[in-house]
Every structure is written in structure tokens, then in C-alpha cells.
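First the structure, in the form of C-alpha cells, and then the observations on it.
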Amino acid sequence: VQLKDLKNQLIVSPPLNNDPDVVIRRKDIVITLNDTLLPNTTYTISFGNAIRDITEENILDNFRYVFSTGPVIDSLRVSGKIVNASTLAGEKGVLVMLYKNTGDSVPLKERPYYFAKTRDDGSFAITNLKAGNYKLFALDDKNSNYRFDNSEERIAFSNDLLDLHKNNDSINLKIFREEPVKQSRVKAQQLAAGR
């Protein structure tokens, strides 16, 4: 096998502070975690389309490795679609993020607890979730830092908390670009002396 575009394809959820080291040793993919894991937590390592065979480059599509640091693997799922608010076309490569902290400004301050990227048609699925209440956002993350901190980034969000106690497959959000909030002078003009 070979790995292509691993930096953009690899997603670990819940996120780690340090990226794992991923190398190929003969026919094996070896993952070294450089972080302390949370207790009783289900982790998902998603490879996206990064794993390919070495001869014909056939893609192992959306391969995921799931493990738990406790006795149970969480099994709830959230899925749906992210579309452009103007064109209603599906949006590819948008981060869909769940936060345990339910404050409105959480995407400005924190990395998400669970997340996934949308497919070519804008559909997404976040799996192996623990039951609870979550704040849901979608972000077209331009600088790959998992935060809404760039005026060029587009965002979508749900006004209500996601009360997750059973699978939810009906999430549909419209992504848009916010107008800049900073005030600026558009025009300066002197009509006459003192005016």
C-alpha cells in the first residue's frame, strides 16, 4: 500500500493535541500516537482516500480505524448534508463539527470534540458518538486549524442543541459567508470648507 495526501485526509476524532505518526512498514500501516488518550473514550482514525494500492493506485475509500480506551465502543451516528446557501449544491470538504461545550462562540475558541469532512455531494456521517448534548457547526476551514477565525471561511450552524440519544440522519445545513463585522470608512469627502 501507499499513502497519498495524508496531511489533508487523516482525521482523528476526538482530536489529539499532537498529530499521530503514520508510516508504512512493508505491507502494514503503523500508527504511533504521540498523545495521552482520554479514559473511557471511543476514538476514530479516518484515512479518507489516503490509502491506495502501490501498483494501480486503487483507493481504499473512507477507511476508518475505531478503538476505545474503555470497555465499550460508542455506536451513535449523526449524518446529513451540507449545501451552499446560494446555490443549494452540496459542498465538498467542509468540516462538520460537534462540541460538548454548548456556548455560541465555541468554534472561535475550541477545537471540536467530534468531526468529519463532507463527501463530494455534501453528505457526511459522524459515527461512534457518545450519547449527550452537542452544539453542531459546519466550517469551510481555510487555514486547517479547526477554528472559525478567518473572514474568508464559510459557516453553517444549528440554532438548537443536538440531543443525541439515538441515531440522527436528518441534519441539513446551509453554509454561508458572514459579512465582515469590522467597521471601515468607505468614502471621505469635503463638500465645502467645514463641511
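Identifiers in the C-alpha cells: chain A, B, ... in order shown; residue index from 1 per chain; ligand index from 1 in order shown.
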I want to know what sits within 6 Å of region 102-118 of chain A, based on only C-alpha atoms, with residues of the same chain fewer than 6 positions away left out; could you give that as a list of chain:residue names?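 Everything that qualifies: A:Ser13, A:Pro14, A:Lys92, A:Gly93, A:Val94, A:Leu95, A:Val96, A:Phe124, A:Ile126, A:Lys135, A:Tyr146, A:Arg147, A:Phe148.
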Please save all heavy atoms of the selected residues as a CSV table (one decimal), in the first residue's frame.
```csv
chain,number,residue,atom,x,y,z
A,13,SER,N,-10.7,11.7,15.6
A,13,SER,CA,-11.8,12.3,16.4
A,13,SER,C,-12.1,11.4,17.6
A,13,SER,O,-12.2,10.2,17.5
A,13,SER,CB,-13.1,12.3,15.5
A,13,SER,OG,-14.1,12.9,16.1
A,14,PRO,N,-12.2,12.0,18.8
A,14,PRO,CA,-11.9,13.3,19.2
A,14,PRO,C,-10.5,13.7,18.9
A,14,PRO,O,-9.6,12.8,18.9
A,14,PRO,CB,-12.1,13.3,20.7
A,14,PRO,CG,-12.8,12.1,21.0
A,14,PRO,CD,-12.6,11.1,19.9
A,92,LYS,N,-18.3,20.0,-0.9
A,92,LYS,CA,-17.3,19.0,-0.7
A,92,LYS,C,-16.2,19.6,0.3
A,92,LYS,O,-15.8,20.7,0.2
A,92,LYS,CB,-16.6,18.6,-2.0
A,92,LYS,CG,-15.4,17.7,-1.8
A,92,LYS,CD,-14.7,17.5,-3.2
A,92,LYS,CE,-13.5,16.6,-3.0
A,92,LYS,NZ,-12.8,16.4,-4.2
A,93,GLY,N,-15.7,18.7,1.2
A,93,GLY,CA,-14.5,19.0,2.0
A,93,GLY,C,-14.8,20.0,3.2
A,93,GLY,O,-13.9,20.6,3.7
A,94,VAL,N,-16.1,20.1,3.6
A,94,VAL,CA,-16.4,21.0,4.7
A,94,VAL,C,-16.4,20.2,6.0
A,94,VAL,O,-16.8,19.1,6.0
A,94,VAL,CB,-17.9,21.6,4.5
A,94,VAL,CG1,-18.4,22.3,5.7
A,94,VAL,CG2,-17.9,22.5,3.3
A,95,LEU,N,-15.8,20.8,7.0
A,95,LEU,CA,-15.8,20.1,8.3
A,95,LEU,C,-17.2,20.2,9.0
A,95,LEU,O,-17.7,21.3,9.1
A,95,LEU,CB,-14.8,20.8,9.2
A,95,LEU,CG,-13.3,20.6,9.0
A,95,LEU,CD1,-12.5,21.4,10.0
A,95,LEU,CD2,-13.0,19.1,9.2
A,96,VAL,N,-17.7,19.1,9.5
A,96,VAL,CA,-18.9,19.1,10.3
A,96,VAL,C,-18.4,18.8,11.7
A,96,VAL,O,-17.8,17.7,11.9
A,96,VAL,CB,-19.9,18.1,9.8
A,96,VAL,CG1,-21.2,18.1,10.6
A,96,VAL,CG2,-20.2,18.4,8.3
A,124,PHE,N,-22.4,13.8,4.8
A,124,PHE,CA,-21.4,13.5,5.9
A,124,PHE,C,-22.0,12.4,6.8
A,124,PHE,O,-23.2,12.3,6.9
A,124,PHE,CB,-21.0,14.7,6.7
A,124,PHE,CG,-22.1,15.3,7.5
A,124,PHE,CD1,-22.2,14.9,8.9
A,124,PHE,CD2,-23.1,16.2,7.0
A,124,PHE,CE1,-23.3,15.3,9.7
A,124,PHE,CE2,-24.1,16.6,7.8
A,124,PHE,CZ,-24.2,16.2,9.2
A,126,ILE,N,-20.9,11.2,11.0
A,126,ILE,CA,-20.0,11.2,12.2
A,126,ILE,C,-20.5,10.0,13.0
A,126,ILE,O,-21.7,10.0,13.4
A,126,ILE,CB,-20.1,12.5,13.0
A,126,ILE,CG1,-19.8,13.7,12.1
A,126,ILE,CG2,-19.1,12.4,14.1
A,126,ILE,CD1,-20.0,15.0,12.9
A,135,LYS,N,-23.3,20.9,20.4
A,135,LYS,CA,-23.5,22.1,19.6
A,135,LYS,C,-22.9,21.6,18.2
A,135,LYS,O,-21.9,21.1,18.1
A,135,LYS,CB,-22.8,23.3,20.1
A,135,LYS,CG,-23.1,24.6,19.5
A,135,LYS,CD,-24.5,25.1,20.0
A,135,LYS,CE,-24.8,26.4,19.4
A,135,LYS,NZ,-26.1,26.9,19.7
A,146,TYR,N,-9.2,24.2,12.5
A,146,TYR,CA,-10.4,23.7,13.2
A,146,TYR,C,-11.1,24.8,14.0
A,146,TYR,O,-11.8,24.6,14.9
A,146,TYR,CB,-10.2,22.5,14.1
A,146,TYR,CG,-9.7,21.3,13.3
A,146,TYR,CD1,-8.3,21.1,13.2
A,146,TYR,CD2,-10.5,20.5,12.6
A,146,TYR,CE1,-7.8,20.1,12.5
A,146,TYR,CE2,-10.0,19.4,11.9
A,146,TYR,CZ,-8.7,19.2,11.8
A,146,TYR,OH,-8.2,18.1,11.1
A,147,ARG,N,-10.9,26.1,13.6
A,147,ARG,CA,-11.5,27.2,14.3
A,147,ARG,C,-12.0,28.2,13.3
A,147,ARG,O,-11.5,28.4,12.2
A,147,ARG,CB,-10.5,27.9,15.2
A,147,ARG,CG,-10.1,27.1,16.4
A,147,ARG,CD,-9.3,27.9,17.4
A,147,ARG,NE,-9.0,27.2,18.6
A,147,ARG,CZ,-8.0,26.3,18.7
A,147,ARG,NH1,-7.2,26.1,17.7
A,147,ARG,NH2,-7.8,25.7,19.9
A,148,PHE,N,-13.1,28.9,13.6
A,148,PHE,CA,-13.7,29.9,12.8
A,148,PHE,C,-13.1,31.2,13.1
A,148,PHE,O,-13.5,32.0,13.9
A,148,PHE,CB,-15.2,30.0,13.1
A,148,PHE,CG,-16.0,31.0,12.2
A,148,PHE,CD1,-15.8,31.0,10.9
A,148,PHE,CD2,-16.8,31.9,12.8
A,148,PHE,CE1,-16.5,31.9,10.1
A,148,PHE,CE2,-17.5,32.8,12.1
A,148,PHE,CZ,-17.4,32.8,10.7
```
Exercise: region 128-130 of chain A partners within 8 Å, only C-alpha atoms, chain neighbours under 6 positions left out, as a PyMOL selection string: chain A and resi 42-44+73-77+114
Going by DSSP on the backbone, which bits of region 98-169 of chain A are alpha helix (DSSP H)? Write them as a VMD selection string, please. chain A and resid 106 to 109
Which of these, A:Ser68, A:Gln9, A:Asp141, A:Tyr134, has the shortest distance to Arg119 (chain A) once you count only C-alpha atoms? A:Gln9
As a VMD selection string, please: every residue in chain A that a backbone DSSP assignment puts in strand (DSSP E). chain A and resid 2 to 3 11 to 13 21 to 25 28 to 32 42 to 46 51 to 52 64 to 68 76 to 84 95 to 99 114 to 117 123 to 129 132 to 139 155 to 157 162 to 164 168 to 175
Using only C-alpha atoms, please write the residues we just selected to a file, as an mmCIF file, in the first residue's frame.
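Result file follows (again14.cif):
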```cif
data_model
loop_
_atom_site.group_PDB
_atom_site.id
_atom_site.type_symbol
_atom_site.label_atom_id
_atom_site.label_comp_id
_atom_site.auth_asym_id
_atom_site.auth_seq_id
_atom_site.Cartn_x
_atom_site.Cartn_y
_atom_site.Cartn_z
ATOM 1 C CA GLN A 2 0.921 3.661 -0.251
ATOM 2 C CA LEU A 3 -0.325 6.839 1.441
ATOM 3 C CA ILE A 11 -8.776 12.892 10.747
ATOM 4 C CA VAL A 12 -8.641 11.770 14.387
ATOM 5 C CA SER A 13 -11.824 12.256 16.374
ATOM 6 C CA ASP A 21 2.926 9.451 13.158
ATOM 7 C CA VAL A 22 1.778 7.198 10.306
ATOM 8 C CA VAL A 23 4.311 5.149 8.348
ATOM 9 C CA ILE A 24 4.279 2.146 6.047
ATOM 10 C CA ARG A 25 6.354 -0.905 7.023
ATOM 11 C CA ASP A 28 1.464 -2.694 7.205
ATOM 12 C CA ILE A 29 0.419 0.809 8.189
ATOM 13 C CA VAL A 30 1.847 1.669 11.612
ATOM 14 C CA ILE A 31 0.204 4.432 13.675
ATOM 15 C CA THR A 32 2.098 5.899 16.626
ATOM 16 C CA THR A 42 -14.022 5.920 21.626
ATOM 17 C CA TYR A 43 -11.507 7.212 19.075
ATOM 18 C CA THR A 44 -11.866 7.123 15.300
ATOM 19 C CA ILE A 45 -8.928 7.464 12.916
ATOM 20 C CA SER A 46 -10.286 8.218 9.430
ATOM 21 C CA ILE A 51 -4.704 4.570 1.379
ATOM 22 C CA ARG A 52 -4.041 3.169 -2.118
ATOM 23 C CA ARG A 64 -11.584 4.074 9.456
ATOM 24 C CA TYR A 65 -9.904 2.510 12.454
ATOM 25 C CA VAL A 66 -12.016 2.620 15.655
ATOM 26 C CA PHE A 67 -10.853 1.758 19.167
ATOM 27 C CA SER A 68 -11.848 2.544 22.743
ATOM 28 C CA LEU A 76 -24.365 6.510 17.855
ATOM 29 C CA ARG A 77 -24.346 8.271 14.463
ATOM 30 C CA VAL A 78 -25.182 11.714 13.048
ATOM 31 C CA SER A 79 -25.471 12.171 9.288
ATOM 32 C CA GLY A 80 -26.921 14.580 6.768
ATOM 33 C CA LYS A 81 -25.899 17.058 4.101
ATOM 34 C CA ILE A 82 -24.226 20.487 3.882
ATOM 35 C CA VAL A 83 -25.303 22.668 0.936
ATOM 36 C CA ASN A 84 -24.335 26.106 -0.344
ATOM 37 C CA LEU A 95 -15.795 20.147 8.332
ATOM 38 C CA VAL A 96 -18.886 19.115 10.288
ATOM 39 C CA MET A 97 -18.123 19.569 13.971
ATOM 40 C CA LEU A 98 -19.738 18.596 17.276
ATOM 41 C CA TYR A 99 -18.825 20.323 20.547
ATOM 42 C CA TYR A 114 -16.076 15.060 17.100
ATOM 43 C CA PHE A 115 -15.839 15.955 13.427
ATOM 44 C CA ALA A 116 -15.887 14.655 9.875
ATOM 45 C CA LYS A 117 -15.476 16.041 6.348
ATOM 46 C CA SER A 123 -23.126 14.341 2.616
ATOM 47 C CA PHE A 124 -21.423 13.467 5.887
ATOM 48 C CA ALA A 125 -21.565 10.929 8.700
ATOM 49 C CA ILE A 126 -20.043 11.188 12.152
ATOM 50 C CA THR A 127 -20.045 7.780 13.788
ATOM 51 C CA ASN A 128 -19.081 6.162 17.088
ATOM 52 C CA LEU A 129 -20.554 9.004 19.150
ATOM 53 C CA GLY A 132 -25.239 13.597 25.113
ATOM 54 C CA ASN A 133 -25.990 17.171 24.070
ATOM 55 C CA TYR A 134 -23.820 18.780 21.409
ATOM 56 C CA LYS A 135 -23.511 22.063 19.563
ATOM 57 C CA LEU A 136 -23.337 21.485 15.775
ATOM 58 C CA PHE A 137 -21.371 23.630 13.297
ATOM 59 C CA ALA A 138 -20.100 23.190 9.736
ATOM 60 C CA LEU A 139 -16.990 25.101 8.649
ATOM 61 C CA ILE A 155 -20.022 28.585 8.337
ATOM 62 C CA ALA A 156 -23.302 26.773 8.975
ATOM 63 C CA PHE A 157 -24.890 26.006 12.326
ATOM 64 C CA LEU A 162 -28.323 18.281 19.175
ATOM 65 C CA ASP A 163 -29.829 15.959 21.796
ATOM 66 C CA LEU A 164 -28.166 12.709 20.826
ATOM 67 C CA ASN A 168 -29.968 11.196 13.778
ATOM 68 C CA ASP A 169 -29.819 11.020 9.963
ATOM 69 C CA SER A 170 -31.725 14.201 9.138
ATOM 70 C CA ILE A 171 -29.189 17.014 9.624
ATOM 71 C CA ASN A 172 -29.312 19.505 6.735
ATOM 72 C CA LEU A 173 -27.445 22.808 6.965
ATOM 73 C CA LYS A 174 -26.840 25.709 4.560
ATOM 74 C CA ILE A 175 -23.307 27.105 4.591
#
```
